[in-house]
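Okay, protein.pdb now, which holds PDB, C-alpha atoms and all ligand atoms:
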MODEL        1
ATOM      1  CA  MET A   1     -62.714-210.752  79.562
ATOM      2  CA  LYS A   2     -60.437-209.635  76.765
ATOM      3  CA  LYS A   3     -62.949-210.878  74.192
ATOM      4  CA  ARG A   4     -65.716-208.780  75.746
ATOM      5  CA  LEU A   5     -63.588-205.715  75.659
ATOM      6  CA  LEU A   6     -62.771-206.302  72.007
ATOM      7  CA  ARG A   7     -66.413-206.813  71.183
ATOM      8  CA  LEU A   8     -67.332-203.642  72.995
ATOM      9  CA  LEU A   9     -64.660-201.759  71.089
ATOM     10  CA  PHE A  10     -65.854-203.232  67.829
ATOM     11  CA  LEU A  11     -69.470-202.388  68.572
ATOM     12  CA  SER A  12     -68.787-198.805  69.565
ATOM     13  CA  GLY A  13     -66.585-198.404  66.518
ATOM     14  CA  THR A  14     -69.364-199.626  64.253
ATOM     15  CA  LEU A  15     -71.868-197.413  65.979
ATOM     16  CA  LEU A  16     -69.643-194.379  65.602
ATOM     17  CA  THR A  17     -69.089-195.106  61.919
ATOM     18  CA  LEU A  18     -72.806-195.500  61.361
ATOM     19  CA  LEU A  19     -73.612-192.280  63.167
ATOM     20  CA  THR A  20     -71.041-190.169  61.386
ATOM     21  CA  ALA A  21     -71.838-191.767  58.041
ATOM     22  CA  CYS A  22     -75.456-190.747  58.364
ATOM     23  CA  GLU A  23     -74.681-187.170  59.271
ATOM     24  CA  TYR A  24     -75.104-184.705  56.495
ATOM     25  CA  ASP A  25     -74.610-180.989  56.140
ATOM     26  CA  PHE A  26     -77.492-178.683  55.631
ATOM     27  CA  ILE A  27     -76.640-176.285  52.890
ATOM     28  CA  THR A  28     -79.034-173.391  52.590
ATOM     29  CA  PRO A  29     -80.238-173.775  49.042
ATOM     30  CA  THR A  30     -80.229-170.798  46.767
ATOM     31  CA  PRO A  31     -83.527-171.003  44.950
ATOM     32  CA  PRO A  32     -82.867-171.823  41.331
ATOM     33  CA  VAL A  33     -83.787-168.870  39.185
ATOM     34  CA  PRO A  34     -85.027-169.894  35.771
ATOM     35  CA  PRO A  35     -83.669-167.781  32.958
ATOM     36  CA  PRO A  36     -86.168-165.177  31.881
ATOM     37  CA  PRO A  37     -88.072-165.779  28.672
ATOM     38  CA  PRO A  38     -86.284-164.692  25.508
ATOM     39  CA  GLY A  39     -87.224-161.198  24.490
ATOM     40  CA  ASP A  40     -87.904-160.229  28.092
ATOM     41  CA  THR A  41     -88.061-156.479  28.204
ATOM     42  CA  ILE A  42     -87.378-154.803  31.443
ATOM     43  CA  SER A  43     -86.771-151.152  32.004
ATOM     44  CA  PHE A  44     -84.337-149.760  34.513
ATOM     45  CA  VAL A  45     -86.210-146.497  34.818
ATOM     46  CA  GLN A  46     -89.726-147.902  34.864
ATOM     47  CA  ASP A  47     -89.254-151.217  36.663
ATOM     48  CA  VAL A  48     -86.117-151.198  38.793
ATOM     49  CA  GLN A  49     -85.856-147.580  39.940
ATOM     50  CA  PRO A  50     -89.337-147.582  41.550
ATOM     51  CA  PHE A  51     -88.188-150.493  43.707
ATOM     52  CA  PHE A  52     -85.173-148.463  44.872
ATOM     53  CA  ASN A  53     -87.435-145.497  45.483
ATOM     54  CA  SER A  54     -89.798-147.414  47.716
ATOM     55  CA  LYS A  55     -87.393-149.711  49.563
ATOM     56  CA  CYS A  56     -83.824-148.454  49.424
ATOM     57  CA  ILE A  57     -83.368-144.702  49.182
ATOM     58  CA  SER A  58     -84.405-144.078  52.749
ATOM     59  CA  CYS A  59     -80.812-145.121  53.459
ATOM     60  CA  HIS A  60     -79.055-145.086  50.093
ATOM     61  CA  LYS A  61     -79.491-141.422  49.258
ATOM     62  CA  GLY A  62     -75.907-140.243  49.496
ATOM     63  CA  SER A  63     -73.862-141.139  52.532
ATOM     64  CA  ILE A  64     -74.245-144.924  52.185
ATOM     65  CA  ALA A  65     -72.955-146.369  48.898
ATOM     66  CA  PRO A  66     -74.406-147.048  46.431
ATOM     67  CA  ASN A  67     -76.488-143.898  46.044
ATOM     68  CA  LEU A  68     -79.756-145.216  44.620
ATOM     69  CA  THR A  69     -81.560-141.956  43.944
ATOM     70  CA  ALA A  70     -82.877-141.723  40.406
ATOM     71  CA  SER A  71     -80.419-139.207  38.957
ATOM     72  CA  VAL A  72     -77.302-141.199  39.864
ATOM     73  CA  SER A  73     -78.373-144.779  40.567
ATOM     74  CA  TYR A  74     -77.387-146.253  37.217
ATOM     75  CA  SER A  75     -73.847-144.917  37.225
ATOM     76  CA  GLU A  76     -73.445-145.839  40.892
ATOM     77  CA  LEU A  77     -74.446-149.439  40.191
ATOM     78  CA  VAL A  78     -72.889-150.230  36.830
ATOM     79  CA  PRO A  79     -70.201-151.515  36.804
ATOM     80  CA  ALA A  80     -69.332-151.280  40.519
ATOM     81  CA  PHE A  81     -72.185-153.444  41.813
ATOM     82  CA  VAL A  82     -73.502-155.049  38.650
ATOM     83  CA  VAL A  83     -71.935-157.415  36.123
ATOM     84  CA  ALA A  84     -74.149-157.020  33.079
ATOM     85  CA  GLY A  85     -75.627-160.357  32.021
ATOM     86  CA  ASN A  86     -74.496-162.148  35.170
ATOM     87  CA  PRO A  87     -76.821-161.713  38.170
ATOM     88  CA  SER A  88     -75.044-164.155  40.466
ATOM     89  CA  ALA A  89     -71.756-162.302  39.992
ATOM     90  CA  SER A  90     -73.463-158.993  40.793
ATOM     91  CA  GLU A  91     -73.234-157.556  44.289
ATOM     92  CA  LEU A  92     -76.614-155.866  43.845
ATOM     93  CA  TYR A  93     -78.339-159.194  43.224
ATOM     94  CA  ASN A  94     -76.392-160.985  45.930
ATOM     95  CA  VAL A  95     -77.200-158.491  48.692
ATOM     96  CA  CYS A  96     -80.919-158.643  47.789
ATOM     97  CA  LYS A  97     -81.338-162.405  47.458
ATOM     98  CA  PRO A  98     -82.350-164.587  50.427
ATOM     99  CA  GLY A  99     -79.511-164.545  52.937
ATOM    100  CA  GLY A 100     -78.077-161.293  51.535
ATOM    101  CA  ILE A 101     -77.635-158.305  53.849
ATOM    102  CA  MET A 102     -80.414-156.323  52.089
ATOM    103  CA  SER A 103     -82.796-159.279  51.664
ATOM    104  CA  SER A 104     -85.183-158.008  54.332
ATOM    105  CA  TYR A 105     -85.986-155.003  52.116
ATOM    106  CA  THR A 106     -86.534-157.087  48.989
ATOM    107  CA  SER A 107     -89.622-159.073  48.037
ATOM    108  CA  GLU A 108     -89.490-162.062  45.744
ATOM    109  CA  ALA A 109     -91.035-160.045  42.904
ATOM    110  CA  GLU A 110     -88.492-157.252  43.368
ATOM    111  CA  LEU A 111     -85.613-159.709  43.399
ATOM    112  CA  ASP A 112     -86.993-161.144  40.190
ATOM    113  CA  LEU A 113     -86.973-157.657  38.631
ATOM    114  CA  VAL A 114     -83.345-157.127  39.596
ATOM    115  CA  TYR A 115     -82.419-160.544  38.261
ATOM    116  CA  ARG A 116     -84.123-160.021  34.933
ATOM    117  CA  TRP A 117     -82.718-156.532  34.499
ATOM    118  CA  ILE A 118     -79.139-157.732  35.061
ATOM    119  CA  TYR A 119     -79.666-160.867  32.987
ATOM    120  CA  ALA A 120     -80.929-158.800  30.076
ATOM    121  CA  GLY A 121     -77.690-156.799  30.061
ATOM    122  CA  ALA A 122     -78.261-154.184  32.795
ATOM    123  CA  LYS A 123     -79.225-151.546  30.272
ATOM    124  CA  ASN A 124     -79.841-147.927  31.150
ATOM    125  CA  ASN A 125     -83.267-147.995  29.576
TER     126      ASN A 125
HETATM  127  C1  LIG A 201     -82.049-149.196  56.774
HETATM  128  C2  LIG A 201     -81.064-148.717  55.843
HETATM  129  C3  LIG A 201     -80.867-149.458  54.536
HETATM  130  C4  LIG A 201     -81.817-149.812  53.625
HETATM  131  C5  LIG A 201     -83.324-149.584  53.673
HETATM  132  C6  LIG A 201     -81.115-150.437  52.532
HETATM  133  N1  LIG A 201     -79.763-150.468  52.793
HETATM  134 FE1  LIG A 201     -78.311-151.206  51.557
HETATM  135  N2  LIG A 201     -76.917-150.747  52.933
HETATM  136  C7  LIG A 201     -77.149-150.132  54.143
HETATM  137  C8  LIG A 201     -75.882-150.017  54.859
HETATM  138  C9  LIG A 201     -75.699-149.405  56.247
HETATM  139  C10 LIG A 201     -74.892-150.587  54.029
HETATM  140  C11 LIG A 201     -73.427-150.752  54.299
HETATM  141  C12 LIG A 201     -73.274-152.110  54.923
HETATM  142  C13 LIG A 201     -71.874-152.517  55.076
HETATM  143  O1  LIG A 201     -70.989-151.963  54.424
HETATM  144  O2  LIG A 201     -71.678-153.473  55.859
HETATM  145  C14 LIG A 201     -75.577-151.024  52.821
HETATM  146  C15 LIG A 201     -74.930-151.614  51.764
HETATM  147  C16 LIG A 201     -75.531-151.897  50.559
HETATM  148  C17 LIG A 201     -74.834-152.328  49.369
HETATM  149  C18 LIG A 201     -73.345-152.477  49.235
HETATM  150  C19 LIG A 201     -72.875-153.792  49.747
HETATM  151  C20 LIG A 201     -71.389-153.887  49.597
HETATM  152  O3  LIG A 201     -70.944-155.000  49.426
HETATM  153  O4  LIG A 201     -70.702-152.881  49.655
HETATM  154  C21 LIG A 201     -75.760-152.500  48.391
HETATM  155  C22 LIG A 201     -75.516-152.933  46.952
HETATM  156  C23 LIG A 201     -77.050-152.190  48.979
HETATM  157  N3  LIG A 201     -76.867-151.833  50.291
HETATM  158  C24 LIG A 201     -78.233-152.245  48.298
HETATM  159  C25 LIG A 201     -79.461-151.971  48.870
HETATM  160  C26 LIG A 201     -80.708-152.102  48.163
HETATM  161  C27 LIG A 201     -80.852-152.555  46.720
HETATM  162  C28 LIG A 201     -81.675-151.747  49.036
HETATM  163  C29 LIG A 201     -83.168-151.733  48.806
HETATM  164  C30 LIG A 201     -83.736-153.029  48.568
HETATM  165  C31 LIG A 201     -81.041-151.388  50.293
HETATM  166  N4  LIG A 201     -79.692-151.538  50.156
HETATM  167  C32 LIG A 201     -81.725-150.944  51.404
HETATM  168  C33 LIG A 201     -78.355-149.678  54.623
HETATM  169  C34 LIG A 201     -79.567-149.876  54.010
ENDMDL
END
When written as structure tokens, how does the structure in this file appear?
Ligand code: HEC
Amino acid sequence: MKKRLLRLLFLSGTLLTLLTACEYDFITPTPPVPPPPPGDTISFVQDVQPFFNSKCISCHKGSIAPNLTASVSYSELVPAFVVAGNPSASELYNVCKPGGIMSSYTSEAELDLVYRWIYAGAKNN
């Protein structure tokens, strides 16, 4: 009787160990972004601002920071929301990437633009 109980305990212990050992956490992967090609030229005015114009300024035109209208967008973003050369440390990139609070307004191509612009030094060009 005692032996059976022990065996049962042993078996359930093994089972529990096996079950918990096989459990693993799902971490939402951040898609790896390859560094842009050297010499990548991206223009804030010609490439990034049009994205703000079409997707963001319906809300970000004054009362909600950052103001992304053309005349003030650069100074609103840099340095408050952008760390030049470091997209993943930049709030602008992080809110736009998958899982970010503004991701639903950002296509993959637009996110790529933002990434490349920041990576290339977030110039006011
Ligand atoms: C429908 C309205 C709306 C649109 C469109 C919108 N935003 Fe926002 N955005 C907001 C609101 C509201 C907040 C403030 C959210 C908060 O503080 O929780 C915000 C906050 C932000 C912030 C600041 C986050 C912070 O940490 O303070 C950034 C940067 C931003 N938006 C960028 C963008 C960009 C880039 C776009 C265009 C792709 C965009 N937003 C489109 C409404 C919008």
All residues within 10 Å of ligand LIG 201 (chain A) are required, counting all atoms listed in the file; please report them as a CSV table (one decimal) with C-alpha atoms, in the coordinates of the input.
chain,number,residue,atom,x,y,z
A,48,VAL,CA,-86.1,-151.2,38.8
A,49,GLN,CA,-85.9,-147.6,39.9
A,51,PHE,CA,-88.2,-150.5,43.7
A,52,PHE,CA,-85.2,-148.5,44.9
A,53,ASN,CA,-87.4,-145.5,45.5
A,54,SER,CA,-89.8,-147.4,47.7
A,55,LYS,CA,-87.4,-149.7,49.6
A,56,CYS,CA,-83.8,-148.5,49.4
A,57,ILE,CA,-83.4,-144.7,49.2
A,58,SER,CA,-84.4,-144.1,52.7
A,59,CYS,CA,-80.8,-145.1,53.5
A,60,HIS,CA,-79.1,-145.1,50.1
A,61,LYS,CA,-79.5,-141.4,49.3
A,63,SER,CA,-73.9,-141.1,52.5
A,64,ILE,CA,-74.2,-144.9,52.2
A,65,ALA,CA,-73.0,-146.4,48.9
A,66,PRO,CA,-74.4,-147.0,46.4
A,67,ASN,CA,-76.5,-143.9,46.0
A,68,LEU,CA,-79.8,-145.2,44.6
A,76,GLU,CA,-73.4,-145.8,40.9
A,77,LEU,CA,-74.4,-149.4,40.2
A,80,ALA,CA,-69.3,-151.3,40.5
A,81,PHE,CA,-72.2,-153.4,41.8
A,82,VAL,CA,-73.5,-155.0,38.6
A,90,SER,CA,-73.5,-159.0,40.8
A,91,GLU,CA,-73.2,-157.6,44.3
A,92,LEU,CA,-76.6,-155.9,43.8
A,93,TYR,CA,-78.3,-159.2,43.2
A,94,ASN,CA,-76.4,-161.0,45.9
A,95,VAL,CA,-77.2,-158.5,48.7
A,96,CYS,CA,-80.9,-158.6,47.8
A,97,LYS,CA,-81.3,-162.4,47.5
A,100,GLY,CA,-78.1,-161.3,51.5
A,101,ILE,CA,-77.6,-158.3,53.8
A,102,MET,CA,-80.4,-156.3,52.1
A,103,SER,CA,-82.8,-159.3,51.7
A,104,SER,CA,-85.2,-158.0,54.3
A,105,TYR,CA,-86.0,-155.0,52.1
A,106,THR,CA,-86.5,-157.1,49.0
A,107,SER,CA,-89.6,-159.1,48.0
A,110,GLU,CA,-88.5,-157.3,43.4
A,111,LEU,CA,-85.6,-159.7,43.4
A,114,VAL,CA,-83.3,-157.1,39.6
Exercise. For the atom pair CA of Lys123 in chain A and CA of Gly62 in chain A, what is the interatomic distance in Å to one decimal place?
Worked result: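 CA of Lys123 in chain A sits 22.5 Å away from CA of Gly62 in chain A.
Of the listed residues (A:Arg4, A:Trp117, A:Ala122, A:Val45), A:Val45 comes nearest to Ser71 in chain A; the distances count all atoms listed in the file.
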Exercise. Which residues come within 10 Å of Asp40 in chain A, counting all atoms listed in the file, excluding same-chain residues fewer than 2 positions away, as a VMD selection string?
Worked result: chain A and resid 35 to 38 42 to 43 116 to 117 119 to 120
For this session: Quote the spacing between CA of Asn86 in chain A and CA of Tyr115 in chain A in Å to one decimal place.
Result: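 Pair CA of Asn86 in chain A / CA of Tyr115 in chain A returns 8.7 Å.
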Exercise. What does the distance from CA of Pro34 in chain A to CA of Gly121 in chain A come to in Å, to one decimal?
Worked result: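 Computing it gives 16.1 Å between the two atoms.
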Exercise. Between A:Gly39, A:Gly99, A:Pro50, A:Phe44, which one has atoms that come closest to Ile118 in chain A, using all atoms listed in the file?
Worked result: A:Phe44
Problem set entry | Best match for closeness to Ala84 in chain A among A:Asp47, A:Asp112, A:Asn124, A:Ala70, counting all atoms listed in the file |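 Residue with the minimum atom-to-atom distance to Ala84 in chain A: A:Asn124.
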